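Beneath this line is the structure, given in structure tokens, with notes to follow.
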Amino acid sequence: MSTLDISKQFSLDVNGLNALKLQAHNSSPEALKATAQQFEALLLQVVLKSMRDATPHDGMFDSEQTRMYESLLDQQLAQVLSSKGGGTGLATMIEKQLARTNQDPVPLGNLPLSPPPGPTFPLPTLPSSSLPVSPTSAASTGAESVPPASREFISRVWPHAYSASRATGIPAHFMVAQAALETGWGKSEPRLADGRPSYNLFGIKAGKSWNGPVVEAASSEYVDGVMEKQVGRFRAYGSYAEAFNDYAKLLLSNPRYAGVVGSKDAGTFARGLQQAGYATDPLYASKLTRIIAGNTLRQSLAS
């Protein structure tokens, strides 16, 4: 089969394109060369168009018709330049890459069809009176990189998350992760005016139906996709146990969270909360999913 010479073809010639398709189907080396030249021609055409656009169009012969013919000329000129004298050298590089890609594939029988299973995530199944982590056990499992404050936060809230898990069917570590997201691993828990903790781990606001104590705190809210700092009224509790009980009650009593209760998949749980309107942050679900699967929570619980 003869070598395709795109410099002798009209840039809009459909027959030339069909001939190129035929040779490409046959894995012809000539087709690889012509295809690479076509890619380079497209690049040159963009360059020429940019140069045309940068040139003032205020001459006496300037019109829509002349600009159309200039465009056709640039297409043909790019095609000629890409096939003569080596062009810019891009076609040669593309041709070599295509040639490597077109080599015989490696038999799949020698390759694994799926990646090997990763390490399991051994979730604690201890009674609520026991803590699954301690600084000693965490260090013995290779969790030295976990910040001590984060590990202490997990130890502090875990028993209450375990109890809420039995009520909602949601894995305890999912709720611990959400509490970590809402409070920055306990660092941003809302506090009362006298400095006492509110124990509000889930950012639950004090609406009209709330008759308990209230704490005012700044929060980040997204309005029409733009983050705004606002001061809101949040529920205050007497303990973390009360906070988790109220959180479980919210999920169980509000029909919006019907798809969240009982979730065993991290992505389903996180997306369900966001779709139900739990938070205004458009990235809430992805942030929560990352914490659930992150090393801090994983290493702290793997003891």
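In the structure tokens, the first chain shown is A, the next is B, and so on; residue numbers restart at 1 for each chain, and ligands run from 1 in the order shown.
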
Could you list, as a PyMOL selection string, every residue within 9 Å of Tyr240 (chain A), counting only C-alpha atoms and ignoring same-chain residues fewer than 6 positions away? chain A and resi 156-157+160+198-201

Please tabulate, as a Markdown table, the residues of region 205-264 of chain A that come within 8 Å of region 162-169 of chain A, each with its closest pair of atoms and the distance in Å to one decimal, counting only C-alpha atoms and ordering rows by chain, then residue number upward.
```
| residue | atom | partner | partner_atom | distance |
| --- | --- | --- | --- | --- |
| A:Phe244 | CA | A:Ala164 | CA | 6.1 |
| A:Asn245 | CA | A:Ala164 | CA | 6.4 |
| A:Ala248 | CA | A:Ala164 | CA | 6.0 |
| A:Leu251 | CA | A:Thr168 | CA | 7.8 |
| A:Leu252 | CA | A:Thr168 | CA | 7.0 |
| A:Val261 | CA | A:Thr168 | CA | 5.7 |
| A:Gly262 | CA | A:Gly169 | CA | 4.2 |
| A:Ser263 | CA | A:Gly169 | CA | 7.0 |
| A:Lys264 | CA | A:Gly169 | CA | 8.0 |
```

Filtering to N, CA and C atoms, could you give me those residues as a compact mmCIF listing (two decimals), in the first residue's frame?
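The resulting file, selection_25.txt, is shown below:
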```txt
# COMPACT_ATOMS: atom_id res chain seq x y z
N PHE A 244 -24.82 12.13 71.77
CA PHE A 244 -25.01 11.00 70.86
C PHE A 244 -26.46 10.52 70.88
N ASN A 245 -27.10 10.55 72.04
CA ASN A 245 -28.50 10.15 72.12
C ASN A 245 -29.38 11.09 71.30
N ALA A 248 -28.77 10.42 67.58
CA ALA A 248 -29.48 9.21 67.14
C ALA A 248 -30.98 9.48 67.02
N LEU A 251 -31.75 11.37 63.73
CA LEU A 251 -31.72 10.53 62.54
C LEU A 251 -32.91 9.58 62.48
N LEU A 252 -33.30 9.07 63.63
CA LEU A 252 -34.39 8.09 63.67
C LEU A 252 -35.77 8.74 63.50
N VAL A 261 -30.02 5.91 58.16
CA VAL A 261 -30.11 4.95 59.26
C VAL A 261 -29.85 3.53 58.74
N GLY A 262 -28.96 2.85 59.39
CA GLY A 262 -28.63 1.49 58.99
C GLY A 262 -27.57 1.39 57.92
N SER A 263 -27.02 2.53 57.46
CA SER A 263 -26.01 2.50 56.39
C SER A 263 -24.76 1.78 56.87
N LYS A 264 -24.27 0.87 56.05
CA LYS A 264 -23.04 0.15 56.35
C LYS A 264 -21.90 0.56 55.43
```

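Counting only C-alpha atoms, the residue from A:Ala258, A:Val231, A:Leu288, A:Leu273 that sits nearest to Gln178 (chain A) is A:Leu288.
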
Nearest to Gln38 (chain A) among A:Val215, A:Val80, A:Leu297, A:Leu250, with distances taken over only C-alpha atoms: which residue is it? A:Val80

Polymer residues at most 6 Å from Ala206 (chain A), only C-alpha atoms, same-chain spacing of 2 or more positions, as a PyMOL selection string: chain A and resi 210+233-235

Restrict the selected residues to C-alpha atoms and save them as a PDB file, in the first residue's frame.
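Ended up saving to result_39.pdb:
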```pdb
ATOM      1  CA  TRP A 210     -35.398  22.750  71.359  1.00  0.00           C
ATOM      2  CA  ARG A 233     -27.475  29.010  68.185  1.00  0.00           C
ATOM      3  CA  PHE A 234     -26.547  25.411  68.902  1.00  0.00           C
ATOM      4  CA  ARG A 235     -27.851  22.834  71.348  1.00  0.00           C
TER       5      ARG A 235
END
```

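Nearest to Glu242 (chain A) of all the residues A:Phe202, A:Gln45, A:Asp194, A:Asp265 is A:Phe202, counting only C-alpha atoms.
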
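Excluding Gly225 (chain A) itself and same-chain residues fewer than 4 positions from it, the residues having an atom within 10 Å of it are A:Glu221, A:Thr280, A:Asp281, A:Pro282, counting only C-alpha atoms.
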
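Residue nearest Ala41 (chain A), chosen from A:Pro171, A:Leu81, A:Lys229, A:Ile291 and counting only C-alpha atoms: A:Leu81.
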
Let's see if you can do this: from backbone DSSP, list all strand (DSSP E) residues in region 147-275 of chain A, as JSON, numbers by chain. {"A": [214, 215, 216, 217, 218, 219, 220, 221, 222, 223, 226, 227, 228, 229, 230, 231, 232, 233, 234, 235]}

Now that the selection is made, can you save its residues with N, CA and C atoms as a PDB file, in the first residue's frame?
```pdb
ATOM      1  N   VAL A 214     -28.636  26.501  75.384  1.00  0.00           N
ATOM      2  CA  VAL A 214     -28.164  26.900  74.057  1.00  0.00           C
ATOM      3  C   VAL A 214     -26.781  27.527  74.174  1.00  0.00           C
ATOM      4  N   VAL A 215     -25.967  27.313  73.156  1.00  0.00           N
ATOM      5  CA  VAL A 215     -24.663  27.949  73.081  1.00  0.00           C
ATOM      6  C   VAL A 215     -24.546  28.647  71.731  1.00  0.00           C
ATOM      7  N   GLU A 216     -24.015  29.849  71.733  1.00  0.00           N
ATOM      8  CA  GLU A 216     -23.797  30.589  70.489  1.00  0.00           C
ATOM      9  C   GLU A 216     -22.356  30.381  70.029  1.00  0.00           C
ATOM     10  N   ALA A 217     -22.212  30.116  68.743  1.00  0.00           N
ATOM     11  CA  ALA A 217     -20.878  29.855  68.201  1.00  0.00           C
ATOM     12  C   ALA A 217     -20.847  30.216  66.721  1.00  0.00           C
ATOM     13  N   ALA A 218     -19.661  30.566  66.227  1.00  0.00           N
ATOM     14  CA  ALA A 218     -19.478  30.868  64.811  1.00  0.00           C
ATOM     15  C   ALA A 218     -19.401  29.578  64.015  1.00  0.00           C
ATOM     16  N   SER A 219     -19.944  29.618  62.812  1.00  0.00           N
ATOM     17  CA  SER A 219     -19.899  28.447  61.946  1.00  0.00           C
ATOM     18  C   SER A 219     -19.744  28.902  60.503  1.00  0.00           C
ATOM     19  N   SER A 220     -19.281  27.984  59.679  1.00  0.00           N
ATOM     20  CA  SER A 220     -19.129  28.264  58.248  1.00  0.00           C
ATOM     21  C   SER A 220     -20.332  27.708  57.515  1.00  0.00           C
ATOM     22  N   GLU A 221     -21.077  28.565  56.845  1.00  0.00           N
ATOM     23  CA  GLU A 221     -22.245  28.152  56.083  1.00  0.00           C
ATOM     24  C   GLU A 221     -22.056  28.555  54.625  1.00  0.00           C
ATOM     25  N   TYR A 222     -22.582  27.730  53.727  1.00  0.00           N
ATOM     26  CA  TYR A 222     -22.468  27.997  52.298  1.00  0.00           C
ATOM     27  C   TYR A 222     -23.818  28.491  51.777  1.00  0.00           C
ATOM     28  N   VAL A 223     -23.802  29.701  51.224  1.00  0.00           N
ATOM     29  CA  VAL A 223     -24.999  30.304  50.651  1.00  0.00           C
ATOM     30  C   VAL A 223     -24.750  30.506  49.160  1.00  0.00           C
ATOM     31  N   VAL A 226     -21.177  29.956  48.207  1.00  0.00           N
ATOM     32  CA  VAL A 226     -20.153  30.841  48.762  1.00  0.00           C
ATOM     33  C   VAL A 226     -20.139  30.692  50.280  1.00  0.00           C
ATOM     34  N   MET A 227     -18.955  30.474  50.842  1.00  0.00           N
ATOM     35  CA  MET A 227     -18.848  30.286  52.283  1.00  0.00           C
ATOM     36  C   MET A 227     -18.986  31.614  53.013  1.00  0.00           C
ATOM     37  N   GLU A 228     -19.793  31.605  54.070  1.00  0.00           N
ATOM     38  CA  GLU A 228     -19.988  32.782  54.900  1.00  0.00           C
ATOM     39  C   GLU A 228     -19.822  32.380  56.363  1.00  0.00           C
ATOM     40  N   LYS A 229     -19.227  33.273  57.152  1.00  0.00           N
ATOM     41  CA  LYS A 229     -19.118  33.059  58.588  1.00  0.00           C
ATOM     42  C   LYS A 229     -20.374  33.597  59.254  1.00  0.00           C
ATOM     43  N   GLN A 230     -21.038  32.754  60.013  1.00  0.00           N
ATOM     44  CA  GLN A 230     -22.262  33.138  60.699  1.00  0.00           C
ATOM     45  C   GLN A 230     -22.186  32.718  62.153  1.00  0.00           C
ATOM     46  N   VAL A 231     -22.922  33.452  62.997  1.00  0.00           N
ATOM     47  CA  VAL A 231     -23.040  33.082  64.411  1.00  0.00           C
ATOM     48  C   VAL A 231     -24.407  32.435  64.595  1.00  0.00           C
ATOM     49  N   GLY A 232     -24.400  31.190  65.052  1.00  0.00           N
ATOM     50  CA  GLY A 232     -25.644  30.457  65.194  1.00  0.00           C
ATOM     51  C   GLY A 232     -25.878  29.986  66.621  1.00  0.00           C
ATOM     52  N   ARG A 233     -27.095  29.556  66.881  1.00  0.00           N
ATOM     53  CA  ARG A 233     -27.475  29.010  68.185  1.00  0.00           C
ATOM     54  C   ARG A 233     -27.485  27.490  68.091  1.00  0.00           C
ATOM     55  N   PHE A 234     -26.696  26.859  68.938  1.00  0.00           N
ATOM     56  CA  PHE A 234     -26.547  25.411  68.902  1.00  0.00           C
ATOM     57  C   PHE A 234     -27.014  24.795  70.226  1.00  0.00           C
ATOM     58  N   ARG A 235     -27.413  23.543  70.158  1.00  0.00           N
ATOM     59  CA  ARG A 235     -27.851  22.834  71.348  1.00  0.00           C
ATOM     60  C   ARG A 235     -26.659  22.564  72.270  1.00  0.00           C
TER      61      ARG A 235
END
```

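One distance worth recording is that between CA of Val260 (chain A) and CA of Gly272 (chain A), which is 5.4 Å.
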
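Note that CA of Glu70 (chain A) and CA of Lys33 (chain A) are 27.0 Å apart.
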
Considering only C-alpha atoms, can you say which of A:Ser150, A:Gln75, A:Thr88, A:Asn211 comes closest to Leu48 (chain A)? A:Gln75
